[in-house]
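Structure record follows, encoded as structure tokens.
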There are 2 protein chains.
Amino acid sequence: MPPKGRAGDILATFTRYVAERGYDAANFSDIAGELGLSKGTIVHHFGTKERLLAALHESYMRRRLAEAALIRERLATPTQQLAGLLYAFVLYQVVDREATVAFQREIVRLADSEAMAQGRRMRAEYLDLVRAVLSDGVASGEFRSCDVEVQSLLIFGSAQWAWTWFDPDGPVSAEEVGAQLVDLVLGGLLVRRTRLSGLTEADGKVVHAVRQSIADITGS
Amino acid sequence: MPPKGRAGDILATFTRYVAERGYDAANFSDIAGELGLSKGTIVHHFGTKERLLAALHESYMRRRLAEAALIRERLATPTQQLAGLLYAFVLYQVVDREATVAFQREIVRLADSEAMAQGRRMRAEYLDLVRAVLSDGVASGEFRSCDVEVQSLLIFGSAQWAWTWFDPDGPVSAEEVGAQLVDLVLGGLLVRRTRLSGLTEADGKVVHAVRQSIADITGS
DNA sequence: CGAAGGTAACCGTACGGACGGTCAGTGGTC
DNA sequence: GACCACTGACCGTCCGTACGGTTACCTTCG
């Protein structure tokens, strides 16, 4: 649940502007104008623009962490848990769209800056949770062994990027995209009877062709 | 190859600033100062800041399109071609880092704005190329049938997101990440002897648990 | 009860600075 | 003399933030 009251309104409107225009282009005057209050009021409630972003960040991550914990609790196997998390990733594009887009758009601003410390901690917690699911799956034999650190980030990417192309009013529903994501990721993670990587023989050729092509065009 | 001469210097420096700080925080004064020339010179060469971004965008995409075409030419099967493209995706984080980060960071600004039309066209061309490889693979029976439109975008996401976490000087090399990405994506795309989706039975349960968890926390 | 005192939401204005862009002009080179 | 790269002063605008003041409500105590 997002915060209530006037401060909640400000946060909600700010969130929408960030989602639509980005952090830099979201300014106090427009928010105050739309809400029929003065710029000073926003400052009164949140102090600085950066802290307003931090509030958005934290309220978003709080929701996601709580949901992720529930999803993990309610599903039995690592496979189901991961599928659930992936599915949820995509659903957020619809059920909590503005905050999701705002968050994914401006995630990079949370790198430094002491104001974002709390948000960063929660993000790390979330990543750890996903990694725990992956590790569990590897341990239980459901997933093939892999570099959990890297794979988790690659998987995140698929979902984090979706805001740039997914259209809630488009022809493809979030449910379908979620299912596709589950297919893509689990298909690659589940242990298969057929031996893994029947392609490593050709890997050398592939790597060489890529390196050569890059050198031919870009140089270096 | 990036453009040469004074204009090339400006573009290169601009690219670095965008990579490091983002488009909004990259301003003419700093670039001019660093290059020992005046703001007016930048305007003289590029007109507006937006056109400077368009130039960065186009020069980046020109390189990527040329390489992608070469990679596709030089590799035989859709599997190899896709592996090559994926591998290249990650390598760009190293071999053309500043332009890659700048591009991936600010890709969203290319949505509207007539100045970016050319860049958008090239991006669409690139996406089409990847989709053609996917379709070829499905047609040849190497890849399981899937929604190529959606899968291609999900795959793109993994790579496009990498700039937020990948560190060229970190312990994991781009080559390793590239290999992991190939594993993840091809593992999910390759036809396996074992029947696809032994998990759809449990899908209903997963979907229900996710929806319920989101409703419990976020509401709606 | 009611005056006093405190607190928090909110307003309006003003400021200091940065930024993108303009423009008239300079100097060198075919 | 036409063209080119380049200069540097300047402009209009916008934005985050500081700050002093007002209102409204709640608590406390005589």
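A note on labels: chains of the structure tokens are A, B, ... as shown, every chain counts residues from 1, and ligands are counted from 1 in their shown order.
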| said: Based on the backbone DSSP call, show me all residues of segment 22-60 of chain B assigned helix (DSSP H, G or I), as number ranges by chain. | reply: B: 28-35, 39-46, 49-60
Write the residues you've just listed into a file as a short mmCIF file (atom, residue, chain, number, x, y, z; two decimals), in the first residue's frame, and include C-alpha atoms for each of them.
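Generated file (result.cif):
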```cif
data_model
loop_
_atom_site.label_atom_id
_atom_site.label_comp_id
_atom_site.auth_asym_id
_atom_site.auth_seq_id
_atom_site.Cartn_x
_atom_site.Cartn_y
_atom_site.Cartn_z
CA PHE B 28 28.14 21.95 -23.21
CA SER B 29 30.33 23.98 -20.87
CA ASP B 30 32.10 20.98 -19.41
CA ILE B 31 32.73 19.43 -22.80
CA ALA B 32 34.02 22.68 -24.24
CA GLY B 33 36.16 23.28 -21.19
CA GLU B 34 37.75 19.88 -21.34
CA LEU B 35 38.48 20.18 -25.06
CA LYS B 39 30.48 26.32 -26.24
CA GLY B 40 29.73 28.07 -29.50
CA THR B 41 31.92 25.62 -31.34
CA ILE B 42 29.79 22.70 -30.26
CA VAL B 43 26.70 24.50 -31.42
CA HIS B 44 28.47 25.31 -34.66
CA HIS B 45 29.10 21.63 -35.36
CA PHE B 46 25.95 20.00 -34.08
CA LYS B 49 22.08 19.04 -27.84
CA GLU B 50 19.42 16.75 -29.19
CA ARG B 51 21.19 16.48 -32.53
CA LEU B 52 24.40 15.68 -30.70
CA LEU B 53 22.63 12.77 -29.07
CA ALA B 54 21.24 11.75 -32.44
CA ALA B 55 24.76 11.73 -33.86
CA LEU B 56 25.94 9.52 -31.03
CA HIS B 57 23.02 7.23 -31.56
CA GLU B 58 23.50 6.91 -35.29
CA SER B 59 27.22 6.40 -35.19
CA TYR B 60 26.71 3.70 -32.58
#
```
With 8 Å as the limit and counting only C-alpha atoms (C1' of nucleotides), what residues in chain D lie close to chain B? Please list them as a PDB file with C-alpha atoms (C1' of nucleotides), in the first residue's frame.
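Below is the file result22.pdb, written as the result:
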```pdb
ATOM      1  C1'  DA D   5      36.137  26.842 -37.689  1.00  0.00           C
ATOM      2  C1'  DC D   6      35.869  29.193 -33.829  1.00  0.00           C
ATOM      3  C1'  DT D   7      35.188  32.853 -30.138  1.00  0.00           C
ATOM      4  C1'  DG D   8      33.111  35.037 -26.122  1.00  0.00           C
TER       5       DG D   8
END
```
| task | Would you mind listing what lies within 12 Å of DC11 of chain D as a PyMOL selection string, with only C-alpha atoms (C1' of nucleotides) counted and same-chain residues fewer than 3 positions away left out? | result | chain C and resi 19-23
| query | Contacts of segment 148-161 of chain A at 8 Å or less, counting only C-alpha atoms (C1' of nucleotides), minus same-chain residues fewer than 3 places along, as a list in words? | reply | Leu86, Phe89, Val90, Gln104, Leu127, Val130, Arg131, Leu134, Ser135, Thr164, Trp165, Leu181 and Val185 of chain A; Leu153, Leu154, Ile155, Phe156, Gly157, Ser158, Ala159, Gln160, Trp161, Ala162, Trp165, Val177, Gln180, Leu181 and Leu184 of chain B
Report the closest atom pair, with its distance in Å rounded to one decimal, for each residue of chain B that has an atom no farther than 6 Å from chain A; count only C-alpha atoms, sort by chain and then rising residue number, and write it as JSON lines.
```
{"residue": "B:Met1", "atom": "CA", "partner": "A:Thr218", "partner_atom": "CA", "distance": 5.2}
{"residue": "B:Glu67", "atom": "CA", "partner": "A:Ser213", "partner_atom": "CA", "distance": 5.5}
{"residue": "B:Leu70", "atom": "CA", "partner": "A:Ser213", "partner_atom": "CA", "distance": 5.9}
{"residue": "B:Ile71", "atom": "CA", "partner": "A:Val210", "partner_atom": "CA", "distance": 5.9}
{"residue": "B:Gly84", "atom": "CA", "partner": "A:Val206", "partner_atom": "CA", "distance": 5.6}
{"residue": "B:Leu154", "atom": "CA", "partner": "A:Ser158", "partner_atom": "CA", "distance": 4.8}
{"residue": "B:Gly157", "atom": "CA", "partner": "A:Ser158", "partner_atom": "CA", "distance": 4.2}
{"residue": "B:Ser158", "atom": "CA", "partner": "A:Gly157", "partner_atom": "CA", "distance": 4.2}
{"residue": "B:Trp161", "atom": "CA", "partner": "A:Gly157", "partner_atom": "CA", "distance": 4.9}
{"residue": "B:Leu184", "atom": "CA", "partner": "A:Gly188", "partner_atom": "CA", "distance": 4.9}
{"residue": "B:Gly187", "atom": "CA", "partner": "A:Gly188", "partner_atom": "CA", "distance": 3.9}
{"residue": "B:Gly188", "atom": "CA", "partner": "A:Gly187", "partner_atom": "CA", "distance": 3.9}
{"residue": "B:Val206", "atom": "CA", "partner": "A:Gly84", "partner_atom": "CA", "distance": 5.5}
{"residue": "B:Val210", "atom": "CA", "partner": "A:Gly84", "partner_atom": "CA", "distance": 5.8}
{"residue": "B:Ser213", "atom": "CA", "partner": "A:Glu67", "partner_atom": "CA", "distance": 5.5}
{"residue": "B:Ile214", "atom": "CA", "partner": "A:Glu67", "partner_atom": "CA", "distance": 5.9}
{"residue": "B:Thr218", "atom": "CA", "partner": "A:Met1", "partner_atom": "CA", "distance": 5.2}
```
Go ahead and save the residues from that selection, with C-alpha atoms, as a short mmCIF file (atom, residue, chain, number, x, y, z; two decimals), in the first residue's frame.
```
data_model
loop_
_atom_site.label_atom_id
_atom_site.label_comp_id
_atom_site.auth_asym_id
_atom_site.auth_seq_id
_atom_site.Cartn_x
_atom_site.Cartn_y
_atom_site.Cartn_z
CA MET B 1 35.13 3.86 -36.71
CA GLU B 67 29.03 -6.00 -37.24
CA LEU B 70 29.20 -9.66 -40.69
CA ILE B 71 28.52 -12.03 -37.81
CA GLY B 84 27.50 -14.85 -31.92
CA LEU B 154 13.30 -10.32 -23.53
CA GLY B 157 16.84 -6.89 -22.15
CA SER B 158 19.42 -9.15 -20.59
CA TRP B 161 20.61 -4.01 -18.78
CA LEU B 184 20.80 -18.99 -20.63
CA GLY B 187 19.37 -23.50 -23.28
CA GLY B 188 15.89 -22.11 -23.41
CA VAL B 206 2.13 -20.61 -9.59
CA VAL B 210 1.62 -14.78 -7.51
CA SER B 213 0.59 -12.38 -3.09
CA ILE B 214 0.43 -9.20 -5.12
CA THR B 218 -0.16 -4.05 -3.21
#
```
